[in-house]
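Colleague: Let me begin by handing over the structure; questions about it come next.
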Amino acid sequence: MENALKRWSIAGATFATLLALSPQGVAAESRSTSSINYNYLYADVSSGSSNEDLGVNSNVTAVGVGGSMQYKDNWLLVTDYAARFIHPNGFTTEYYSLRPGVGYKYSLTNKLDVSSRVRYGALWSSTTNETTNTTVTNGTSSIYGIDLMLTYLAMENLEISVSGEMSRSSPIDEDIFMLRGDYYVNENIAIGGFYTYRDAQTSHTSEGGVSVRYAY
């Protein structure tokens, strides 16, 4: 419990730092050649199934916070903090990751962008036997990943994205596919939904979730 509280304090500190790094001056000099927004903070919540189709069981839960900032034309500054819990068959595996990174976006049209981000950070992981309440594995390692994303402005207030990511660390290597939509109810707030498929070679998860974005 103490370790979990420490990790969630890191999440809070990360989110506070993102709020501090979002002044209007930075946003003003970050001009986009498309209408797609890259200056936002977000919070995601999802659940899903391990080694089954989405909805068959509910033994995966995840939450995440993070942000994106467009900097100097097409360059992006990003960071994310995520906590994932996988608990099939009497065991619970926890992953906590913090991954800052940089990215680049290119506007194909005024409604269609391609972008990529590289992230590098730390991963805390542990596996617990729920029957005996004992820790089976516990450790910290580095984690890195690269993604490729297509984002389309389907309507004035609706962005649709499809992305693929390779994430690598010593406890788990994953290839991640995501499809999401984000609808801006006003100029600052967007409500979204997403589907994520994670392939870890020996296992996979299917997850669905909701998201809230604050654009600045």
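Residues in the structure tokens are named by chain (A, B, ... in the order shown) and by number from 1 within that chain; ligands are numbered from 1 in the order shown.
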Skipping near chain neighbours, those fewer than 2 positions away, what residues fall within 6 Å of segment 164-175 of chain A using only C-alpha atoms, listed as a list in words?

Modeller: Ile143, Tyr144, Gly145, Ile146, Asp147, Leu148, Phe177, Arg198, Asp199 and Ala200 of chain A

Colleague: Could you write out, as a list in words, all the residues of segment 3-202 of chain A that DSSP marks as alpha helix (DSSP H)?

Modeller: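 After running DSSP on the backbone, segment 3-202 of chain A has alpha helix (DSSP H) at Asn3, Ala4, Leu5, Lys6, Arg7, Trp8, Ser9, Ile10, Ala11, Gly12, Ala13, Thr14, Phe15, Ala16, Thr17, Leu18, Leu19, Ala20, Gln24, Gly25, Val26, Ala27 and Ala28 of chain A.
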
Colleague: Show me, as a PyMOL selection string, the residues that have an atom within 6 Å of segment 54-70 of chain A when counting only C-alpha atoms, minus same-chain residues fewer than 2 positions from it.

Modeller: chain A and resi 30+38-49+75-88+206

Colleague: Take the residues that were just selected and, keeping N, CA and C atoms, output them as a PDB file, in the first residue's frame.

Modeller:
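And here is the file that came out, again-v8.pdb:
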ATOM      1  N   SER A  30       3.039  28.327 -30.518  1.00  0.00           N
ATOM      2  CA  SER A  30       2.959  26.987 -31.085  1.00  0.00           C
ATOM      3  C   SER A  30       1.891  26.967 -32.162  1.00  0.00           C
ATOM      4  N   TYR A  38      -2.990  19.969 -30.218  1.00  0.00           N
ATOM      5  CA  TYR A  38      -1.943  19.184 -29.559  1.00  0.00           C
ATOM      6  C   TYR A  38      -1.568  19.751 -28.186  1.00  0.00           C
ATOM      7  N   ASN A  39      -2.291  20.765 -27.737  1.00  0.00           N
ATOM      8  CA  ASN A  39      -2.030  21.362 -26.433  1.00  0.00           C
ATOM      9  C   ASN A  39      -3.151  20.968 -25.477  1.00  0.00           C
ATOM     10  N   TYR A  40      -2.930  19.936 -24.687  1.00  0.00           N
ATOM     11  CA  TYR A  40      -3.985  19.463 -23.799  1.00  0.00           C
ATOM     12  C   TYR A  40      -3.402  18.631 -22.658  1.00  0.00           C
ATOM     13  N   LEU A  41      -4.192  18.540 -21.583  1.00  0.00           N
ATOM     14  CA  LEU A  41      -3.984  17.595 -20.494  1.00  0.00           C
ATOM     15  C   LEU A  41      -5.102  16.565 -20.572  1.00  0.00           C
ATOM     16  N   TYR A  42      -4.860  15.356 -20.090  1.00  0.00           N
ATOM     17  CA  TYR A  42      -5.897  14.328 -20.206  1.00  0.00           C
ATOM     18  C   TYR A  42      -5.903  13.403 -18.987  1.00  0.00           C
ATOM     19  N   ALA A  43      -7.040  12.725 -18.812  1.00  0.00           N
ATOM     20  CA  ALA A  43      -7.180  11.651 -17.832  1.00  0.00           C
ATOM     21  C   ALA A  43      -7.995  10.537 -18.488  1.00  0.00           C
ATOM     22  N   ASP A  44      -7.485   9.302 -18.411  1.00  0.00           N
ATOM     23  CA  ASP A  44      -8.125   8.136 -19.021  1.00  0.00           C
ATOM     24  C   ASP A  44      -8.464   7.104 -17.951  1.00  0.00           C
ATOM     25  N   VAL A  45      -9.565   6.402 -18.149  1.00  0.00           N
ATOM     26  CA  VAL A  45      -9.929   5.252 -17.322  1.00  0.00           C
ATOM     27  C   VAL A  45     -10.418   4.158 -18.261  1.00  0.00           C
ATOM     28  N   SER A  46      -9.924   2.914 -18.070  1.00  0.00           N
ATOM     29  CA  SER A  46     -10.340   1.822 -18.948  1.00  0.00           C
ATOM     30  C   SER A  46     -10.399   0.515 -18.183  1.00  0.00           C
ATOM     31  N   SER A  47     -11.109  -0.445 -18.752  1.00  0.00           N
ATOM     32  CA  SER A  47     -11.154  -1.801 -18.217  1.00  0.00           C
ATOM     33  C   SER A  47     -11.304  -2.752 -19.383  1.00  0.00           C
ATOM     34  N   GLY A  48     -11.002  -4.032 -19.124  1.00  0.00           N
ATOM     35  CA  GLY A  48     -11.097  -4.983 -20.225  1.00  0.00           C
ATOM     36  C   GLY A  48     -10.801  -6.400 -19.813  1.00  0.00           C
ATOM     37  N   SER A  49     -10.438  -7.199 -20.809  1.00  0.00           N
ATOM     38  CA  SER A  49     -10.296  -8.640 -20.636  1.00  0.00           C
ATOM     39  C   SER A  49      -8.881  -9.081 -20.984  1.00  0.00           C
ATOM     40  N   TRP A  75       7.069  20.414 -33.462  1.00  0.00           N
ATOM     41  CA  TRP A  75       7.606  19.560 -32.406  1.00  0.00           C
ATOM     42  C   TRP A  75       6.632  19.452 -31.248  1.00  0.00           C
ATOM     43  N   LEU A  76       6.646  18.296 -30.590  1.00  0.00           N
ATOM     44  CA  LEU A  76       5.743  18.024 -29.477  1.00  0.00           C
ATOM     45  C   LEU A  76       6.538  17.633 -28.235  1.00  0.00           C
ATOM     46  N   LEU A  77       6.073  18.082 -27.076  1.00  0.00           N
ATOM     47  CA  LEU A  77       6.557  17.618 -25.778  1.00  0.00           C
ATOM     48  C   LEU A  77       5.421  16.848 -25.120  1.00  0.00           C
ATOM     49  N   VAL A  78       5.692  15.632 -24.667  1.00  0.00           N
ATOM     50  CA  VAL A  78       4.635  14.784 -24.116  1.00  0.00           C
ATOM     51  C   VAL A  78       5.122  14.110 -22.833  1.00  0.00           C
ATOM     52  N   THR A  79       4.174  13.704 -22.012  1.00  0.00           N
ATOM     53  CA  THR A  79       4.487  12.861 -20.862  1.00  0.00           C
ATOM     54  C   THR A  79       3.233  12.096 -20.465  1.00  0.00           C
ATOM     55  N   ASP A  80       3.409  10.922 -19.881  1.00  0.00           N
ATOM     56  CA  ASP A  80       2.261  10.175 -19.380  1.00  0.00           C
ATOM     57  C   ASP A  80       2.645   9.376 -18.143  1.00  0.00           C
ATOM     58  N   TYR A  81       1.681   9.249 -17.250  1.00  0.00           N
ATOM     59  CA  TYR A  81       1.803   8.388 -16.084  1.00  0.00           C
ATOM     60  C   TYR A  81       0.628   7.422 -16.128  1.00  0.00           C
ATOM     61  N   ALA A  82       0.891   6.122 -16.034  1.00  0.00           N
ATOM     62  CA  ALA A  82      -0.169   5.114 -16.153  1.00  0.00           C
ATOM     63  C   ALA A  82      -0.036   4.067 -15.062  1.00  0.00           C
ATOM     64  N   ALA A  83      -1.171   3.584 -14.606  1.00  0.00           N
ATOM     65  CA  ALA A  83      -1.225   2.469 -13.661  1.00  0.00           C
ATOM     66  C   ALA A  83      -2.158   1.417 -14.243  1.00  0.00           C
ATOM     67  N   ARG A  84      -1.661   0.159 -14.333  1.00  0.00           N
ATOM     68  CA  ARG A  84      -2.453  -0.937 -14.890  1.00  0.00           C
ATOM     69  C   ARG A  84      -2.455  -2.107 -13.904  1.00  0.00           C
ATOM     70  N   PHE A  85      -3.620  -2.757 -13.803  1.00  0.00           N
ATOM     71  CA  PHE A  85      -3.801  -3.868 -12.875  1.00  0.00           C
ATOM     72  C   PHE A  85      -4.404  -5.047 -13.641  1.00  0.00           C
ATOM     73  N   ILE A  86      -3.701  -6.158 -13.646  1.00  0.00           N
ATOM     74  CA  ILE A  86      -4.156  -7.372 -14.342  1.00  0.00           C
ATOM     75  C   ILE A  86      -4.290  -8.458 -13.277  1.00  0.00           C
ATOM     76  N   HIS A  87      -5.490  -9.024 -13.134  1.00  0.00           N
ATOM     77  CA  HIS A  87      -5.717  -9.932 -12.011  1.00  0.00           C
ATOM     78  C   HIS A  87      -6.519 -11.178 -12.393  1.00  0.00           C
ATOM     79  N   PRO A  88      -5.940 -12.051 -13.231  1.00  0.00           N
ATOM     80  CA  PRO A  88      -6.593 -13.324 -13.502  1.00  0.00           C
ATOM     81  C   PRO A  88      -6.070 -14.433 -12.579  1.00  0.00           C
ATOM     82  N   SER A 206      -7.716  -6.806 -24.246  1.00  0.00           N
ATOM     83  CA  SER A 206      -8.612  -5.941 -25.008  1.00  0.00           C
ATOM     84  C   SER A 206      -9.302  -5.023 -24.011  1.00  0.00           C
TER      85      SER A 206
END

Colleague: Run DSSP on the backbone and give me the residues of segment 6-200 of chain A it puts in strand (DSSP E or B), as JSON, numbers by chain.

Modeller: {"A": [40, 41, 42, 43, 44, 45, 46, 47, 48, 49, 50, 60, 61, 62, 63, 64, 65, 66, 67, 68, 69, 70, 71, 75, 76, 77, 78, 79, 80, 81, 82, 83, 84, 85, 86, 91, 92, 93, 94, 95, 96, 97, 98, 99, 100, 101, 102, 103, 104, 105, 106, 107, 112, 113, 114, 115, 116, 117, 118, 119, 120, 121, 122, 123, 124, 125, 126, 127, 128, 129, 134, 135, 136, 137, 138, 139, 140, 141, 142, 143, 144, 145, 146, 147, 148, 149, 150, 151, 152, 153, 154, 155, 158, 159, 160, 161, 162, 163, 164, 165, 166, 167, 168, 169, 174, 175, 176, 177, 178, 179, 180, 181, 182, 183, 184, 189, 190, 191, 192, 193, 194, 195, 196, 197, 198, 199]}

Colleague: Here is a test: counting only C-alpha atoms, which residue of A:Leu98, A:Ala190, A:Ile160, A:Leu112 is nearest to Ser142 of chain A?

Modeller: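 Answer, going by the shortest atom-to-atom distance: A:Leu98.
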
Colleague: Taking only C-alpha atoms into account, name the residue in A:Met178, A:Ser203, A:Ala215, A:Thr127 that is nearest to Gly90 of chain A.

Modeller: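 Closest residue, counting only C-alpha atoms: A:Thr127.
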
Colleague: Out of A:Val118, A:Thr109, A:Gly181, A:Thr92, which residue has the shortest atom-to-atom distance to Thr131 of chain A when counting only C-alpha atoms?

Modeller: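 Closest residue, counting only C-alpha atoms: A:Thr92.
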